[in-house]
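One structure is given below, encoded as structure tokens.
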Amino acid sequence: MLSVNTTWLLYIIYMAALIAFGVFVWWLDRRKNARQFYTAGNTVNWFVLCMTYIAALMSTWVFFSGPGGYYRGGLTYWISELSYMPLFPVLTYFVMNKVWLLNTERNYTTPADIYDDRFKSPALRLVLAVVFFSVSLPYAAAIYDACGKAANIASGGRISPTAVIIFVGLTTLLFVPFGGVRSVAWASTVQAWIFIGALWLIAMSALHYGFDGSLTQAISSVWQNTNSWFSYPGPANWVPYSARLGYPLACAIGWTIMLPDVFIRAGYFGKDLGAQKRLMFIQPVLQFIVWTGVMLIGLLAIALIPGLTGGDTELIIPLLVDKIISPNTLTFAAVLMALFVLGTLAKGLSAATSHLLVAGSIISEDILTHLLKLNVSPRVHVVIARVAVFLLGVASMLIALNPPTLIWTLIMFAIALVMPIFPVLVAALYWRRATAPAAVVASIVGVLTVLLTYKLGYGDAWYGLFGMLISTVLVIVISYCTKETDKETLDAFYGSLEKAEHKFFVD
């Protein structure tokens, strides 16, 4: 569809612009220390907060896994997506807004900071650092893999995915260590508009050229030829009863709350309480806009290109462009293919840079500073932080060079893995009786339970639900069986929360 030179030019121009932006932000903030490089002391207004959040959230789902998921799962899979959205304002209000209030008083940097502040447990910090770090690597790897596939597809197989993975990976590592969290946030805001616009233009174009713009005609075609698309468990038997519960909860808790990069955005990054409130209500709207566009592409694909299976379902967008739009208008098809490439880059790199930054903060802050008690100057700390990000990026590239068949597998595994940490967070915020040993055991056993469910073949339906339930039970039972946390620690933690609540809700 696109020539080799055109495809490479798209990648080079995009990555050059990204690096230039990172260097510009670095020049503005040359004297920042390591904590400022990450999150502490950095806040953004509500608009940037909402756009960087949706950009980080969507990862490669939008242009690969999402359309394939709706193709295999059907309309009821979309309903499963929508069912968790009302939970987002609730969970944000009762959980993440409290995290934000505490952060205004306690100045957290990594996701593990708030847990350690409440339980004063180096063991818990280590466990959480390992879990959050383990999540960030496969997520970034999935994104690099998607960028490589996009170039290979757009060029008709003439560009090696390996070459693109290495190029995008290395150039990304020039961007993140320069700019830090501020450059990532602002770049993600721009990239969010790029991928949302590209998504809907592709969807409307496929509808226009496939069914003369008639959504009714498209729905009728699917109803006549693949009416299982409209019922459980979907055309590929992909949405069994278990997934109706496991998947929405995985999205509501693991995906939109507990992934480390979105946790920082929802809990540490808002400029003021107004930004937090807008995040609560604007995010479900933005997610609905994105999900509906992705679902529409899946609907059109099963009507126009039936019979796809496995990894081929993650190539729906380029297949629609090549088989449906290209015969009608080759020039416009080339433009859409270019938008597919740019959209994949915009969407993927928004999440990849976020995950690498958080993973770097885990190494620098959680491991080196808090656990190993490294005592160096702020300048040296920044150097260490940037080296950590570089090494993590290289590790992500290596995973991306030999990924699973489905990008979906990496993404959903990462989401499931963090779900058992959620009950520990709720206990930390609301229950003075919760103890450090309970938090440590619940986190470890909960995560191991998730790994076991995947090993036994239940992970793809229940995701992290069993691990979260086990974690909930353990944090309660073990807390009652162990010594209470000392009063001074509790008073300092909950006193800060009460002070912030009085400041923002009373004053």
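To be explicit about the labels: the chains of the structure tokens are called A, B, and onward in the order shown, and within each one the residues are counted from 1, while ligands get numbers from 1 in the order they are shown.
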
Worksheet entry | Filtered DSSP result for segment 199-260 of chain A, state alpha helix (DSSP H), as a PyMOL selection string | chain A and resi 199-211+215-225+241-249+260

Who sits within 10 Å of Phe133 of chain A, only C-alpha atoms, same chain under 4 positions skipped, as a CSV table (one decimal) with C-alpha atoms, in the first residue's frame:
```
chain,number,residue,atom,x,y,z
A,127,VAL,CA,6.8,-6.8,46.3
A,128,LEU,CA,4.9,-3.9,44.7
A,129,ALA,CA,8.0,-2.7,42.9
A,137,LEU,CA,7.7,-4.3,30.6
A,138,PRO,CA,5.2,-6.5,28.7
A,260,PRO,CA,1.1,1.9,37.3
A,355,HIS,CA,5.3,2.8,31.3
A,356,LEU,CA,9.0,3.3,30.8
A,358,VAL,CA,7.1,4.6,35.7
A,359,ALA,CA,9.4,1.6,35.5
A,360,GLY,CA,12.4,3.9,35.7
A,361,SER,CA,11.0,5.5,38.8
A,362,ILE,CA,10.5,2.1,40.4
A,363,ILE,CA,14.2,1.3,39.9
A,392,LEU,CA,14.3,-0.9,30.7
```

Worksheet item: Which residue, A:Trp431, A:Phe493, A:Trp193, A:Ser443, has the smallest gap to Val290 of chain A when you use only C-alpha atoms?
Response: A:Trp193

Which residues of segment 1-119 of chain A sit at most 8 Å from segment 261-270 of chain A, using only C-alpha atoms? Give each one's shortest atom pair and distance in Å (one decimal place), in chain and ascending residue order, as a Markdown table.
```
| residue | atom | partner | partner_atom | distance |
| --- | --- | --- | --- | --- |
| A:Thr39 | CA | A:Phe269 | CA | 7.0 |
| A:Ala40 | CA | A:Tyr268 | CA | 7.8 |
| A:Asn42 | CA | A:Phe269 | CA | 6.8 |
| A:Thr43 | CA | A:Phe269 | CA | 4.9 |
| A:Val44 | CA | A:Gly270 | CA | 5.7 |
| A:Asn45 | CA | A:Gly270 | CA | 6.5 |
| A:Trp46 | CA | A:Gly270 | CA | 6.8 |
| A:Leu49 | CA | A:Gly270 | CA | 6.4 |
| A:Tyr53 | CA | A:Arg265 | CA | 6.4 |
| A:Ala56 | CA | A:Val262 | CA | 6.9 |
| A:Leu57 | CA | A:Val262 | CA | 6.7 |
| A:Thr92 | CA | A:Ala266 | CA | 7.6 |
| A:Met96 | CA | A:Gly267 | CA | 5.2 |
| A:Asn97 | CA | A:Gly267 | CA | 6.5 |
| A:Lys98 | CA | A:Gly267 | CA | 7.9 |
| A:Val99 | CA | A:Gly267 | CA | 5.2 |
| A:Trp100 | CA | A:Gly267 | CA | 4.5 |
| A:Asn103 | CA | A:Tyr268 | CA | 6.1 |
| A:Tyr108 | CA | A:Tyr268 | CA | 7.2 |
| A:Thr109 | CA | A:Tyr268 | CA | 7.8 |
| A:Thr110 | CA | A:Ile264 | CA | 7.3 |
| A:Pro111 | CA | A:Ile264 | CA | 6.5 |
```

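Across the model, the gap from atom CA of Pro318 of chain A to atom CA of Ala141 of chain A is 21.2 Å.
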
Worksheet entry | Atomic separation - atom CA of Ser80 of chain A relative to atom CA of Pro240 of chain A, Å |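 Atom CA of Ser80 of chain A lies at a distance of 11.3 Å from atom CA of Pro240 of chain A.
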
Worksheet entry | Among listed residues A:Ile202, A:Leu371, A:Ala151, A:Val164, nearest Ser121 of chain A (using only C-alpha atoms) |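 Smallest separation from Ser121 of chain A among the options: A:Leu371.
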
Worksheet entry | Nearest-residue call for Asp117 of chain A, choices A:Leu368, A:Ala492, A:Ala303, A:Leu452, using only C-alpha atoms |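 Of all the options, A:Ala492 lies closest to Asp117 of chain A.
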
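Closest to Thr353 of chain A among A:Gln191, A:Thr482, A:Thr104, A:Thr256 is A:Gln191, based on only C-alpha atoms.
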
Item to complete: Between A:Val424, A:Leu173, A:Val445, A:Val95, single out the one closest to Asp116 of chain A, counting only C-alpha atoms.
Response: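 Under the stated criterion, the closest residue is A:Val424.
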
Discussion item. Which residues are close to segment 215-222 of chain A, i.e. within 10 Å by only C-alpha atoms, leaving aside same-chain residues fewer than 4 positions away? Reply as a PyMOL selection string.
Written reply: chain A and resi 204+207-208+210-211+226-230+296+299-304+306

Preceding selection exported with C-alpha atoms as a PDB file, in the first residue's frame:
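Saved as out.pdb:
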```
ATOM      1  CA  MET A 204     -16.439   6.321   8.710  1.00  0.00           C
ATOM      2  CA  LEU A 207     -18.742   2.470   6.396  1.00  0.00           C
ATOM      3  CA  HIS A 208     -18.896   4.780   3.377  1.00  0.00           C
ATOM      4  CA  GLY A 210     -18.441  -0.731   2.319  1.00  0.00           C
ATOM      5  CA  PHE A 211     -22.105   0.185   2.731  1.00  0.00           C
ATOM      6  CA  THR A 226     -23.329 -13.788  11.315  1.00  0.00           C
ATOM      7  CA  ASN A 227     -26.215 -13.164  13.694  1.00  0.00           C
ATOM      8  CA  SER A 228     -24.237 -14.748  16.548  1.00  0.00           C
ATOM      9  CA  TRP A 229     -22.376 -11.419  16.623  1.00  0.00           C
ATOM     10  CA  PHE A 230     -25.379  -9.969  18.474  1.00  0.00           C
ATOM     11  CA  LEU A 296     -17.943  -0.029  14.695  1.00  0.00           C
ATOM     12  CA  LEU A 299     -18.835  -4.695  13.103  1.00  0.00           C
ATOM     13  CA  LEU A 300     -17.909  -3.512   9.615  1.00  0.00           C
ATOM     14  CA  ALA A 301     -15.051  -6.010   9.394  1.00  0.00           C
ATOM     15  CA  ILE A 302     -17.159  -9.062  10.221  1.00  0.00           C
ATOM     16  CA  ALA A 303     -19.669  -7.926   7.611  1.00  0.00           C
ATOM     17  CA  LEU A 304     -17.103  -7.173   4.903  1.00  0.00           C
ATOM     18  CA  PRO A 306     -15.768 -12.647   7.487  1.00  0.00           C
TER      19      PRO A 306
END
```

Worksheet item: Smallest atom-to-atom distance to Ile257 of chain A: which of A:Leu448, A:Leu425, A:Ile196, A:Ile282, using only C-alpha atoms?
Response: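 Of the candidates, the smallest distance to Ile257 of chain A is held by A:Leu425.
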
Worksheet entry | 12 Å contact set for Thr6 of chain A, only C-alpha atoms, chain neighbours under 5 positions out, as a list in words |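 Residues near the query, excluding close chain neighbours: Met1, Tyr11, Ile12, Ile13, Ala151, Ala154, Ser155, Arg158, Ile159, Ala334, Val335, Met337, Ala338 and Val341 of chain A.
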
Export, as a JSON list (two decimals), in the first residue's frame, the selected residues with N, CA and C atoms.
```
[["chain", "number", "residue", "atom", "x", "y", "z"],
["A", 1, "MET", "N", 0.83, -1.21, 0.00],
["A", 1, "MET", "CA", 0.00, 0.00, 0.00],
["A", 1, "MET", "C", 0.87, 1.26, 0.00],
["A", 11, "TYR", "N", 7.70, 7.29, 9.98],
["A", 11, "TYR", "CA", 8.29, 6.95, 11.28],
["A", 11, "TYR", "C", 9.38, 7.94, 11.67],
["A", 12, "ILE", "N", 10.22, 8.29, 10.72],
["A", 12, "ILE", "CA", 11.35, 9.19, 11.03],
["A", 12, "ILE", "C", 10.86, 10.58, 11.41],
["A", 13, "ILE", "N", 9.89, 11.11, 10.66],
["A", 13, "ILE", "CA", 9.37, 12.45, 10.96],
["A", 13, "ILE", "C", 8.68, 12.46, 12.32],
["A", 151, "ALA", "N", 4.18, -1.07, 10.48],
["A", 151, "ALA", "CA", 5.08, -0.75, 9.36],
["A", 151, "ALA", "C", 5.13, -1.89, 8.35],
["A", 154, "ALA", "N", 1.72, -1.84, 6.46],
["A", 154, "ALA", "CA", 1.55, -0.67, 5.60],
["A", 154, "ALA", "C", 2.43, -0.74, 4.36],
["A", 155, "SER", "N", 3.58, -1.38, 4.49],
["A", 155, "SER", "CA", 4.51, -1.45, 3.35],
["A", 155, "SER", "C", 4.32, -2.72, 2.53],
["A", 158, "ARG", "N", 7.24, -5.36, 3.07],
["A", 158, "ARG", "CA", 8.59, -5.07, 2.60],
["A", 158, "ARG", "C", 9.49, -4.48, 3.67],
["A", 159, "ILE", "N", 8.92, -4.09, 4.81],
["A", 159, "ILE", "CA", 9.72, -3.58, 5.92],
["A", 159, "ILE", "C", 9.68, -4.59, 7.05],
["A", 334, "ALA", "N", -4.28, 5.12, 0.64],
["A", 334, "ALA", "CA", -2.90, 5.34, 1.09],
["A", 334, "ALA", "C", -2.87, 6.34, 2.24],
["A", 335, "VAL", "N", -3.73, 7.36, 2.16],
["A", 335, "VAL", "CA", -3.81, 8.33, 3.26],
["A", 335, "VAL", "C", -4.28, 7.64, 4.54],
["A", 337, "MET", "N", -4.00, 4.48, 5.28],
["A", 337, "MET", "CA", -2.95, 3.59, 5.77],
["A", 337, "MET", "C", -1.89, 4.39, 6.51],
["A", 338, "ALA", "N", -1.59, 5.58, 6.00],
["A", 338, "ALA", "CA", -0.64, 6.44, 6.71],
["A", 338, "ALA", "C", -1.19, 6.84, 8.07],
["A", 341, "VAL", "N", -0.73, 4.04, 10.47],
["A", 341, "VAL", "CA", 0.63, 4.02, 11.00],
["A", 341, "VAL", "C", 0.82, 5.10, 12.06]]
```

Discussion item. When you look at Met280 of chain A with a cut-off of 9 Å (counting only C-alpha atoms), what residues show up, excluding the ones that are within fewer than 5 positions of it in the same chain? I need them as number ranges by chain.
Written reply: A: 88-93, 275

Worksheet entry | Separation of atom CA of Val184 of chain A from atom CA of Arg386 of chain A, in Å and rounded to one decimal |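 Distance between the two atoms: 14.1 Å.
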
Worksheet entry | Polymer residues at most 8 Å from Phe64 of chain A, only C-alpha atoms, same-chain spacing of 3 or more positions, as a list in words | Thr60, Trp61, Pro67, Gly68, Ala146, Glu314, Leu315, Ile316, Ile317 and Ile407 of chain A
